[in-house]
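Participant: This is start_8.cif, which holds mmCIF, N, CA and C atoms:
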data_upload
loop_
_atom_site.label_atom_id
_atom_site.label_comp_id
_atom_site.auth_asym_id
_atom_site.auth_seq_id
_atom_site.Cartn_x
_atom_site.Cartn_y
_atom_site.Cartn_z
N MET A 3 -9.82 4.27 2.08
CA MET A 3 -9.05 4.14 0.86
C MET A 3 -9.10 5.49 0.15
N GLY A 4 -7.94 5.98 -0.19
CA GLY A 4 -7.85 7.27 -0.87
C GLY A 4 -8.18 7.19 -2.35
N GLY A 5 -8.02 8.30 -3.03
CA GLY A 5 -8.27 8.37 -4.45
C GLY A 5 -7.04 7.97 -5.25
N HIS A 6 -7.24 7.42 -6.42
CA HIS A 6 -6.20 6.98 -7.35
C HIS A 6 -5.20 6.05 -6.67
N VAL A 7 -5.72 4.90 -6.23
CA VAL A 7 -4.91 3.86 -5.60
C VAL A 7 -4.82 2.69 -6.56
N ASP A 8 -3.61 2.25 -6.88
CA ASP A 8 -3.40 1.09 -7.74
C ASP A 8 -2.86 -0.05 -6.89
N ILE A 9 -3.54 -1.21 -6.95
CA ILE A 9 -3.16 -2.36 -6.15
C ILE A 9 -2.79 -3.50 -7.09
N GLY A 10 -1.56 -4.00 -6.96
CA GLY A 10 -1.07 -5.06 -7.82
C GLY A 10 -1.70 -6.41 -7.51
N ALA A 11 -1.60 -7.32 -8.46
CA ALA A 11 -2.17 -8.67 -8.33
C ALA A 11 -1.59 -9.41 -7.15
N GLY A 12 -2.44 -10.03 -6.36
CA GLY A 12 -2.00 -10.84 -5.24
C GLY A 12 -1.66 -10.06 -3.98
N ALA A 13 -1.82 -8.76 -3.99
CA ALA A 13 -1.51 -7.95 -2.80
C ALA A 13 -2.53 -8.22 -1.71
N LYS A 14 -2.08 -8.16 -0.45
CA LYS A 14 -2.94 -8.36 0.71
C LYS A 14 -2.88 -7.12 1.58
N ILE A 15 -4.04 -6.61 1.98
CA ILE A 15 -4.12 -5.49 2.91
C ILE A 15 -4.81 -6.02 4.15
N LEU A 16 -4.04 -6.20 5.23
CA LEU A 16 -4.54 -6.89 6.42
C LEU A 16 -4.74 -5.91 7.57
N GLY A 17 -5.95 -5.91 8.13
CA GLY A 17 -6.26 -5.08 9.29
C GLY A 17 -6.93 -3.79 8.90
N ALA A 18 -7.07 -2.92 9.89
CA ALA A 18 -7.71 -1.61 9.70
C ALA A 18 -6.65 -0.64 9.18
N ILE A 19 -6.41 -0.66 7.88
CA ILE A 19 -5.34 0.09 7.25
C ILE A 19 -5.92 1.30 6.53
N VAL A 20 -5.22 2.44 6.67
CA VAL A 20 -5.59 3.65 5.93
C VAL A 20 -4.62 3.79 4.77
N VAL A 21 -5.16 3.85 3.56
CA VAL A 21 -4.35 4.02 2.35
C VAL A 21 -4.65 5.41 1.81
N GLY A 22 -3.61 6.24 1.66
CA GLY A 22 -3.77 7.62 1.23
C GLY A 22 -4.03 7.75 -0.27
N ASP A 23 -4.01 9.00 -0.73
CA ASP A 23 -4.22 9.32 -2.15
C ASP A 23 -2.96 9.07 -2.95
N ASN A 24 -3.13 8.72 -4.23
CA ASN A 24 -2.02 8.53 -5.17
C ASN A 24 -1.01 7.50 -4.67
N VAL A 25 -1.50 6.34 -4.26
CA VAL A 25 -0.65 5.28 -3.70
C VAL A 25 -0.56 4.13 -4.69
N LEU A 26 0.63 3.53 -4.78
CA LEU A 26 0.85 2.30 -5.55
C LEU A 26 1.20 1.19 -4.58
N ILE A 27 0.53 0.05 -4.70
CA ILE A 27 0.83 -1.12 -3.88
C ILE A 27 1.26 -2.21 -4.85
N GLY A 28 2.49 -2.67 -4.71
CA GLY A 28 3.06 -3.63 -5.64
C GLY A 28 2.42 -5.00 -5.57
N ALA A 29 2.62 -5.79 -6.61
CA ALA A 29 2.10 -7.15 -6.67
C ALA A 29 2.68 -7.99 -5.54
N ASN A 30 1.83 -8.83 -4.93
CA ASN A 30 2.21 -9.75 -3.85
C ASN A 30 2.69 -9.06 -2.58
N THR A 31 2.43 -7.78 -2.44
CA THR A 31 2.81 -7.04 -1.24
C THR A 31 1.84 -7.37 -0.11
N VAL A 32 2.36 -7.42 1.12
CA VAL A 32 1.52 -7.62 2.30
C VAL A 32 1.59 -6.34 3.12
N VAL A 33 0.49 -5.59 3.13
CA VAL A 33 0.43 -4.29 3.82
C VAL A 33 -0.09 -4.51 5.23
N LEU A 34 0.72 -4.13 6.24
CA LEU A 34 0.37 -4.30 7.64
C LEU A 34 0.24 -2.97 8.38
N GLN A 35 0.63 -1.86 7.74
CA GLN A 35 0.53 -0.55 8.38
C GLN A 35 0.06 0.48 7.36
N ASN A 36 -0.34 1.63 7.85
CA ASN A 36 -0.89 2.68 6.98
C ASN A 36 0.11 3.10 5.90
N VAL A 37 -0.45 3.48 4.74
CA VAL A 37 0.38 3.96 3.63
C VAL A 37 0.00 5.43 3.39
N PRO A 38 0.93 6.37 3.63
CA PRO A 38 0.62 7.79 3.46
C PRO A 38 0.44 8.18 1.99
N ASN A 39 -0.06 9.39 1.78
CA ASN A 39 -0.26 9.93 0.42
C ASN A 39 1.04 9.89 -0.38
N ASP A 40 0.89 9.67 -1.70
CA ASP A 40 2.00 9.77 -2.66
C ASP A 40 3.16 8.83 -2.36
N LYS A 41 2.88 7.63 -1.89
CA LYS A 41 3.93 6.64 -1.60
C LYS A 41 3.70 5.38 -2.41
N THR A 42 4.72 4.53 -2.48
CA THR A 42 4.64 3.21 -3.07
C THR A 42 4.97 2.20 -1.99
N ALA A 43 4.14 1.18 -1.83
CA ALA A 43 4.37 0.13 -0.84
C ALA A 43 4.76 -1.14 -1.57
N ILE A 44 5.91 -1.71 -1.17
CA ILE A 44 6.37 -2.96 -1.78
C ILE A 44 7.00 -3.84 -0.71
N GLY A 45 6.94 -5.14 -0.93
CA GLY A 45 7.63 -6.09 -0.06
C GLY A 45 6.72 -6.85 0.87
N ILE A 46 7.36 -7.78 1.61
CA ILE A 46 6.66 -8.60 2.61
C ILE A 46 7.48 -8.53 3.88
N PRO A 47 7.07 -7.81 4.89
CA PRO A 47 5.94 -6.88 4.92
C PRO A 47 6.26 -5.62 4.13
N ALA A 48 5.24 -4.86 3.81
CA ALA A 48 5.39 -3.67 2.96
C ALA A 48 6.25 -2.61 3.61
N LYS A 49 7.06 -1.96 2.79
CA LYS A 49 7.81 -0.78 3.20
C LYS A 49 7.37 0.35 2.29
N ASN A 50 7.18 1.52 2.87
CA ASN A 50 6.75 2.69 2.11
C ASN A 50 7.97 3.40 1.55
N ILE A 51 8.02 3.54 0.23
CA ILE A 51 9.16 4.23 -0.39
C ILE A 51 8.66 5.42 -1.17
#
Mind turning the file's structure into structure tokens?
Facilitator:
Amino acid sequence: MGGHVDIGAGAKILGAIVVGDNVLIGANTVVLQNVPNDKTAIGIPAKNI
């Protein structure tokens, strides 16, 4: 898990996932793949935007 990561309420991070620095994970998001630095992950399954 990187630095300055904000995870919304109800979010699920499933598996051996690497979350980069300065990442936002939206509420109720299901993360199934790595999230690179400076990205926002939203949706079911999560998409990095």
Participant: Find the spatial neighbours of Val37 of chain A, counting only C-alpha atoms, within a cut-off of 7 Å - ignore same-chain residues fewer than 6 positions away - and output them as number ranges by chain.
Facilitator: A: 20-22, 50
Participant: Since I can't run it myself right now, could you work out what the PyMOL selection byres (((chain A and resi 29 and name CA) around 12) and name CA) selects here and report it as a PyMOL selection string?
Facilitator: chain A and resi 8-15+26-28+30-33+42-46+48
Participant: Kindly give the distance, in Å, that separates atom CA of Leu16 of chain A and atom CA of Pro47 of chain A, rounded to a single decimal.
Facilitator: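 Interatomic distance here is 10.6 Å.
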Participant: Could you check the closest approach to Gly17 of chain A for each of A:Lys49, A:Leu34, A:Gly4, A:Lys41 and tell me which residue wins, using only N, CA and C atoms?
Facilitator: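 Between A:Lys49, A:Leu34, A:Gly4, A:Lys41, the residue approaching Gly17 of chain A most closely is A:Leu34.
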Participant: May I ask for the distance between atom C of Met3 of chain A and atom CA of Ile51 of chain A, given in Å to one decimal place?
Facilitator: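 Separation of atom C of Met3 of chain A and atom CA of Ile51 of chain A: 18.3 Å.
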Participant: Within chain A, find each residue whose DSSP state, derived from the backbone, is strand (DSSP E), and express the selection as number ranges by chain.
Facilitator: A: 7-9, 14-15, 25-27, 32-33, 42-44, 49-50
Participant: For the atom pair atom CA of Asn36 of chain A and atom N of Asp23 of chain A, what is the interatomic distance in Å to one decimal place?
Facilitator: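 Atom N of Asp23 of chain A lies at a distance of 10.4 Å from atom CA of Asn36 of chain A.
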Participant: Could you model N, CA, C and O atoms for segment 20-44 of chain A and present them as a PDB file, in the coordinates of the input?
Facilitator:
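Okay, result-v7.pdb is ready:
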ATOM      1  N   VAL A  20      -5.220   2.440   6.670  1.00  0.00           N
ATOM      2  CA  VAL A  20      -5.590   3.650   5.930  1.00  0.00           C
ATOM      3  C   VAL A  20      -4.620   3.790   4.770  1.00  0.00           C
ATOM      4  O   VAL A  20      -3.403   3.823   4.971  1.00  0.00           O
ATOM      5  N   VAL A  21      -5.160   3.850   3.560  1.00  0.00           N
ATOM      6  CA  VAL A  21      -4.350   4.020   2.350  1.00  0.00           C
ATOM      7  C   VAL A  21      -4.650   5.410   1.810  1.00  0.00           C
ATOM      8  O   VAL A  21      -5.790   5.748   1.539  1.00  0.00           O
ATOM      9  N   GLY A  22      -3.610   6.240   1.660  1.00  0.00           N
ATOM     10  CA  GLY A  22      -3.770   7.620   1.230  1.00  0.00           C
ATOM     11  C   GLY A  22      -4.030   7.750  -0.270  1.00  0.00           C
ATOM     12  O   GLY A  22      -4.212   6.772  -0.986  1.00  0.00           O
ATOM     13  N   ASP A  23      -4.010   9.000  -0.730  1.00  0.00           N
ATOM     14  CA  ASP A  23      -4.220   9.320  -2.150  1.00  0.00           C
ATOM     15  C   ASP A  23      -2.960   9.070  -2.950  1.00  0.00           C
ATOM     16  O   ASP A  23      -1.842   9.218  -2.446  1.00  0.00           O
ATOM     17  N   ASN A  24      -3.130   8.720  -4.230  1.00  0.00           N
ATOM     18  CA  ASN A  24      -2.020   8.530  -5.170  1.00  0.00           C
ATOM     19  C   ASN A  24      -1.010   7.500  -4.670  1.00  0.00           C
ATOM     20  O   ASN A  24       0.199   7.745  -4.667  1.00  0.00           O
ATOM     21  N   VAL A  25      -1.500   6.340  -4.260  1.00  0.00           N
ATOM     22  CA  VAL A  25      -0.650   5.280  -3.700  1.00  0.00           C
ATOM     23  C   VAL A  25      -0.560   4.130  -4.690  1.00  0.00           C
ATOM     24  O   VAL A  25      -1.538   3.783  -5.353  1.00  0.00           O
ATOM     25  N   LEU A  26       0.630   3.530  -4.780  1.00  0.00           N
ATOM     26  CA  LEU A  26       0.850   2.300  -5.550  1.00  0.00           C
ATOM     27  C   LEU A  26       1.200   1.190  -4.580  1.00  0.00           C
ATOM     28  O   LEU A  26       2.073   1.373  -3.721  1.00  0.00           O
ATOM     29  N   ILE A  27       0.530   0.050  -4.700  1.00  0.00           N
ATOM     30  CA  ILE A  27       0.830  -1.120  -3.880  1.00  0.00           C
ATOM     31  C   ILE A  27       1.260  -2.210  -4.850  1.00  0.00           C
ATOM     32  O   ILE A  27       0.496  -2.608  -5.726  1.00  0.00           O
ATOM     33  N   GLY A  28       2.490  -2.670  -4.710  1.00  0.00           N
ATOM     34  CA  GLY A  28       3.060  -3.630  -5.640  1.00  0.00           C
ATOM     35  C   GLY A  28       2.420  -5.000  -5.570  1.00  0.00           C
ATOM     36  O   GLY A  28       1.771  -5.360  -4.576  1.00  0.00           O
ATOM     37  N   ALA A  29       2.620  -5.790  -6.610  1.00  0.00           N
ATOM     38  CA  ALA A  29       2.100  -7.150  -6.670  1.00  0.00           C
ATOM     39  C   ALA A  29       2.680  -7.990  -5.540  1.00  0.00           C
ATOM     40  O   ALA A  29       3.850  -7.861  -5.180  1.00  0.00           O
ATOM     41  N   ASN A  30       1.830  -8.830  -4.930  1.00  0.00           N
ATOM     42  CA  ASN A  30       2.210  -9.750  -3.850  1.00  0.00           C
ATOM     43  C   ASN A  30       2.690  -9.060  -2.580  1.00  0.00           C
ATOM     44  O   ASN A  30       3.302  -9.702  -1.734  1.00  0.00           O
ATOM     45  N   THR A  31       2.430  -7.780  -2.440  1.00  0.00           N
ATOM     46  CA  THR A  31       2.810  -7.040  -1.240  1.00  0.00           C
ATOM     47  C   THR A  31       1.840  -7.370  -0.110  1.00  0.00           C
ATOM     48  O   THR A  31       0.658  -7.554  -0.337  1.00  0.00           O
ATOM     49  N   VAL A  32       2.360  -7.420   1.120  1.00  0.00           N
ATOM     50  CA  VAL A  32       1.520  -7.620   2.300  1.00  0.00           C
ATOM     51  C   VAL A  32       1.590  -6.340   3.120  1.00  0.00           C
ATOM     52  O   VAL A  32       2.620  -6.026   3.723  1.00  0.00           O
ATOM     53  N   VAL A  33       0.490  -5.590   3.130  1.00  0.00           N
ATOM     54  CA  VAL A  33       0.430  -4.290   3.820  1.00  0.00           C
ATOM     55  C   VAL A  33      -0.090  -4.510   5.230  1.00  0.00           C
ATOM     56  O   VAL A  33      -1.207  -4.999   5.426  1.00  0.00           O
ATOM     57  N   LEU A  34       0.720  -4.130   6.240  1.00  0.00           N
ATOM     58  CA  LEU A  34       0.370  -4.300   7.640  1.00  0.00           C
ATOM     59  C   LEU A  34       0.240  -2.970   8.380  1.00  0.00           C
ATOM     60  O   LEU A  34      -0.134  -2.967   9.553  1.00  0.00           O
ATOM     61  N   GLN A  35       0.630  -1.860   7.740  1.00  0.00           N
ATOM     62  CA  GLN A  35       0.530  -0.550   8.380  1.00  0.00           C
ATOM     63  C   GLN A  35       0.060   0.480   7.360  1.00  0.00           C
ATOM     64  O   GLN A  35       0.057   0.213   6.163  1.00  0.00           O
ATOM     65  N   ASN A  36      -0.340   1.630   7.850  1.00  0.00           N
ATOM     66  CA  ASN A  36      -0.890   2.680   6.980  1.00  0.00           C
ATOM     67  C   ASN A  36       0.110   3.100   5.900  1.00  0.00           C
ATOM     68  O   ASN A  36       1.319   3.067   6.108  1.00  0.00           O
ATOM     69  N   VAL A  37      -0.450   3.480   4.740  1.00  0.00           N
ATOM     70  CA  VAL A  37       0.380   3.960   3.630  1.00  0.00           C
ATOM     71  C   VAL A  37       0.000   5.430   3.390  1.00  0.00           C
ATOM     72  O   VAL A  37      -1.142   5.721   3.035  1.00  0.00           O
ATOM     73  N   PRO A  38       0.930   6.370   3.630  1.00  0.00           N
ATOM     74  CA  PRO A  38       0.620   7.790   3.460  1.00  0.00           C
ATOM     75  C   PRO A  38       0.440   8.180   1.990  1.00  0.00           C
ATOM     76  O   PRO A  38       0.763   7.419   1.083  1.00  0.00           O
ATOM     77  N   ASN A  39      -0.060   9.390   1.780  1.00  0.00           N
ATOM     78  CA  ASN A  39      -0.260   9.930   0.420  1.00  0.00           C
ATOM     79  C   ASN A  39       1.040   9.890  -0.380  1.00  0.00           C
ATOM     80  O   ASN A  39       2.132  10.086   0.154  1.00  0.00           O
ATOM     81  N   ASP A  40       0.890   9.670  -1.700  1.00  0.00           N
ATOM     82  CA  ASP A  40       2.000   9.770  -2.660  1.00  0.00           C
ATOM     83  C   ASP A  40       3.160   8.830  -2.360  1.00  0.00           C
ATOM     84  O   ASP A  40       4.321   9.189  -2.574  1.00  0.00           O
ATOM     85  N   LYS A  41       2.880   7.630  -1.890  1.00  0.00           N
ATOM     86  CA  LYS A  41       3.930   6.640  -1.600  1.00  0.00           C
ATOM     87  C   LYS A  41       3.700   5.380  -2.410  1.00  0.00           C
ATOM     88  O   LYS A  41       2.616   5.127  -2.935  1.00  0.00           O
ATOM     89  N   THR A  42       4.720   4.530  -2.480  1.00  0.00           N
ATOM     90  CA  THR A  42       4.640   3.210  -3.070  1.00  0.00           C
ATOM     91  C   THR A  42       4.970   2.200  -1.990  1.00  0.00           C
ATOM     92  O   THR A  42       5.971   2.358  -1.282  1.00  0.00           O
ATOM     93  N   ALA A  43       4.140   1.180  -1.830  1.00  0.00           N
ATOM     94  CA  ALA A  43       4.370   0.130  -0.840  1.00  0.00           C
ATOM     95  C   ALA A  43       4.760  -1.140  -1.570  1.00  0.00           C
ATOM     96  O   ALA A  43       4.040  -1.594  -2.463  1.00  0.00           O
ATOM     97  N   ILE A  44       5.910  -1.710  -1.170  1.00  0.00           N
ATOM     98  CA  ILE A  44       6.370  -2.960  -1.780  1.00  0.00           C
ATOM     99  C   ILE A  44       7.000  -3.840  -0.710  1.00  0.00           C
ATOM    100  O   ILE A  44       7.505  -3.348   0.289  1.00  0.00           O
TER     101      ILE A  44
END
